[in-house]
Protein chains: 2
Amino acid sequence: MARDSTPPHKNRRNACFGCGEANPDGLQLRFRRLGDETPPRVLAKCRIPRRFHGAPGMLHGGIVATLLDEAMAKVNAHVGVTAVTQSLQVTYRRPVPTSRPVEIEGRHVRVRGRYVYNHGEIRLPNGKVLATAKGRFVILPREAVQKILRAND
Amino acid sequence: MARDSTPPHKNRRNACFGCGEANPDGLQLRFRRLGDETPPRVLAKCRIPRRFHGAPGMLHGGIVATLLDEAMAKVNAHVGVTAVTQSLQVTYRRPVPTSRPVEIEGRHVRVRGRYVYNHGEIRLPNGKVLATAKGRFVILPREAVQKILRAND
């Protein structure tokens, strides 16, 4: 349910737990697009603070899912759609460490009917893959987006 | 990667993002077992604070995944195993509201070889289902659990 109808860097009032600058308790993730590749990809390089751990020293599995959901949602802006998560499938390959550099990538896969399919990956800077995800997002009709935007004005 | 090797109410030093009493920034979820049913089920009744939203007024999809991961991990103690999340599949049926009462349930499904399979559900108090999940957990060998416990002493 990470939503991405506005560019992440432009909205100082955005308090989204995943990417909101206005949420000091959130993850404050910043994704940038990788060139102008097709299909589009976005990347965030960050260290996730210790307070988000499950087992000591390792990110909580739900936070791992949050990073992947957010990365995949951020790609949607570059596909030109506003969409919400309909299903998320996470595979945990290795523990994701807290307080150490990690890379989070979202990659667009395809649009089919009302759905967008994306892929997500968390890895160490040396390329070792820690977790992967597949996401299916429902494209919101233009009128629904306008209604949401008006409600937030 | 929610881990559940100790009963949730007994460990004041537990700082897990999902269930740790010692983590003021976390969700501080409290699950109780429903009777002594077989297969075991656990339930948490709570309101999730507004700071965990994605779209305004709705929980972030990653936090929804966290609630479900945590519920399913908590069931494992009642199956008598210590296990970590290996895969998580979340289906988002309706938005989960922030700051309003919700129920989070984890239910054991089966053990097969090294794996535990559980089910999770988030619903409104009137029974309307908002999100569901399936989780596959890898059972940790006894020696690995002892090592983790020693490291935390």
# chains A, B, ... in the order shown; residues from 1 in each chain; ligands from 1

call {"tool": "closest_atom_pairs", "arguments": {"of": "chain B", "to": "chain A", "cutoff": "6 Å", "atoms": "only C-alpha atoms", "output": "tab-separated table"}}
result
residue	atom	partner	partner_atom	distance
B:Met1	CA	A:Gly61	CA	4.2
B:Ala2	CA	A:Gly54	CA	4.9
B:Arg3	CA	A:Ala55	CA	5.7
B:Cys16	CA	A:Gly54	CA	4.7
B:Phe17	CA	A:Phe52	CA	5.1
B:Phe52	CA	A:Phe17	CA	5.1
B:His53	CA	A:Phe17	CA	5.6
B:Gly54	CA	A:Cys16	CA	4.7
B:Ala55	CA	A:Arg3	CA	5.7
B:His60	CA	A:Met1	CA	5.3
B:Gly61	CA	A:Met1	CA	4.2
B:Gly62	CA	A:Thr66	CA	3.6
B:Ala65	CA	A:Gly62	CA	5.4
B:Thr66	CA	A:Gly62	CA	3.6
B:Gln86	CA	A:Tyr92	CA	5.1
B:Ser87	CA	A:Thr91	CA	4.5
B:Leu88	CA	A:Val90	CA	5.2
B:Gln89	CA	A:Gln89	CA	4.3
B:Val90	CA	A:Leu88	CA	5.2
B:Thr91	CA	A:Ser87	CA	4.5
B:Tyr92	CA	A:Gln86	CA	5.1

call {"tool": "calpha_fit_rmsd", "arguments": {"fixed": "chain A", "moving": "chain B"}}
result
0.0 Å

call {"tool": "residues_around", "arguments": {"residues": "segment 27-44 of chain A", "least_positions_apart": "3", "cutoff": "6 Å", "atoms": "only C-alpha atoms", "output": "ChimeraX atom specification"}}
result
/A:18-21,103-108

call {"tool": "closest_residue", "arguments": {"among": "B:Val102, B:Ala71, B:Cys46, B:Lys147", "to": "Val129 of chain B", "atoms": "only C-alpha atoms"}}
result
B:Val102

call {"tool": "select_by_dssp", "arguments": {"residues": "segment 51-87 of chain A", "states": "alpha helix (DSSP H)", "output": "mmCIF file with N, CA, C and O atoms, in the first residue's frame"}}
result
data_model
loop_
_atom_site.group_PDB
_atom_site.id
_atom_site.type_symbol
_atom_site.label_atom_id
_atom_site.label_comp_id
_atom_site.auth_asym_id
_atom_site.auth_seq_id
_atom_site.Cartn_x
_atom_site.Cartn_y
_atom_site.Cartn_z
ATOM 1 N N GLY A 61 11.883 -9.109 9.464
ATOM 2 C CA GLY A 61 11.383 -9.572 8.164
ATOM 3 C C GLY A 61 10.330 -8.649 7.573
ATOM 4 O O GLY A 61 10.233 -8.488 6.351
ATOM 5 N N GLY A 62 9.539 -8.020 8.440
ATOM 6 C CA GLY A 62 8.520 -7.080 7.969
ATOM 7 C C GLY A 62 9.146 -5.807 7.408
ATOM 8 O O GLY A 62 8.625 -5.218 6.445
ATOM 9 N N ILE A 63 10.261 -5.398 7.989
ATOM 10 C CA ILE A 63 10.957 -4.212 7.463
ATOM 11 C C ILE A 63 11.630 -4.551 6.127
ATOM 12 O O ILE A 63 11.635 -3.745 5.199
ATOM 13 N N VAL A 64 12.146 -5.758 6.021
ATOM 14 C CA VAL A 64 12.683 -6.216 4.726
ATOM 15 C C VAL A 64 11.572 -6.127 3.675
ATOM 16 O O VAL A 64 11.780 -5.608 2.563
ATOM 17 N N ALA A 65 10.367 -6.586 4.043
ATOM 18 C CA ALA A 65 9.220 -6.513 3.122
ATOM 19 C C ALA A 65 8.890 -5.053 2.798
ATOM 20 O O ALA A 65 8.546 -4.722 1.656
ATOM 21 N N THR A 66 9.011 -4.180 3.785
ATOM 22 C CA THR A 66 8.722 -2.753 3.576
ATOM 23 C C THR A 66 9.687 -2.145 2.554
ATOM 24 O O THR A 66 9.272 -1.397 1.658
ATOM 25 N N LEU A 67 10.974 -2.463 2.684
ATOM 26 C CA LEU A 67 11.973 -1.926 1.751
ATOM 27 C C LEU A 67 11.659 -2.376 0.320
ATOM 28 O O LEU A 67 11.747 -1.597 -0.633
ATOM 29 N N LEU A 68 11.262 -3.632 0.195
ATOM 30 C CA LEU A 68 10.997 -4.181 -1.129
ATOM 31 C C LEU A 68 9.693 -3.625 -1.707
ATOM 32 O O LEU A 68 9.619 -3.286 -2.901
ATOM 33 N N ASP A 69 8.666 -3.493 -0.879
ATOM 34 C CA ASP A 69 7.389 -2.913 -1.319
ATOM 35 C C ASP A 69 7.622 -1.478 -1.810
ATOM 36 O O ASP A 69 7.132 -1.071 -2.874
ATOM 37 N N GLU A 70 8.396 -0.746 -1.028
ATOM 38 C CA GLU A 70 8.662 0.656 -1.345
ATOM 39 C C GLU A 70 9.435 0.782 -2.669
ATOM 40 O O GLU A 70 9.109 1.619 -3.522
ATOM 41 N N ALA A 71 10.457 -0.045 -2.833
ATOM 42 C CA ALA A 71 11.263 0.000 -4.062
ATOM 43 C C ALA A 71 10.394 -0.289 -5.288
ATOM 44 O O ALA A 71 10.479 0.403 -6.312
ATOM 45 N N MET A 72 9.537 -1.292 -5.160
ATOM 46 C CA MET A 72 8.700 -1.668 -6.301
ATOM 47 C C MET A 72 7.631 -0.607 -6.575
ATOM 48 O O MET A 72 7.291 -0.340 -7.733
ATOM 49 N N ALA A 73 7.112 0.013 -5.496
ATOM 50 C CA ALA A 73 6.108 1.069 -5.683
ATOM 51 C C ALA A 73 6.734 2.285 -6.365
ATOM 52 O O ALA A 73 6.097 2.946 -7.188
ATOM 53 N N LYS A 74 7.987 2.565 -6.033
ATOM 54 C CA LYS A 74 8.648 3.754 -6.590
ATOM 55 C C LYS A 74 8.856 3.631 -8.093
ATOM 56 O O LYS A 74 8.939 4.633 -8.805
ATOM 57 N N VAL A 75 8.981 2.411 -8.582
ATOM 58 C CA VAL A 75 9.161 2.222 -10.030
ATOM 59 C C VAL A 75 7.923 2.676 -10.792
ATOM 60 O O VAL A 75 8.018 3.143 -11.930
ATOM 61 N N ASN A 76 6.750 2.543 -10.151
ATOM 62 C CA ASN A 76 5.502 2.807 -10.872
ATOM 63 C C ASN A 76 5.423 4.224 -11.446
ATOM 64 O O ASN A 76 4.852 4.427 -12.517
ATOM 65 N N ALA A 77 6.008 5.184 -10.735
ATOM 66 C CA ALA A 77 5.991 6.570 -11.230
ATOM 67 C C ALA A 77 6.685 6.651 -12.595
ATOM 68 O O ALA A 77 6.290 7.436 -13.456
ATOM 69 N N HIS A 78 7.702 5.820 -12.793
ATOM 70 C CA HIS A 78 8.460 5.850 -14.047
ATOM 71 C C HIS A 78 7.784 5.045 -15.155
ATOM 72 O O HIS A 78 8.220 5.056 -16.301
ATOM 73 N N VAL A 79 6.731 4.327 -14.765
ATOM 74 C CA VAL A 79 5.922 3.611 -15.755
ATOM 75 C C VAL A 79 4.717 4.497 -16.122
ATOM 76 O O VAL A 79 3.993 4.213 -17.076
#

call {"tool": "atom_distance", "arguments": {"atom1": "atom CA of Pro125 of chain B", "atom2": "atom CA of Pro101 of chain B"}}
result
6.9 Å
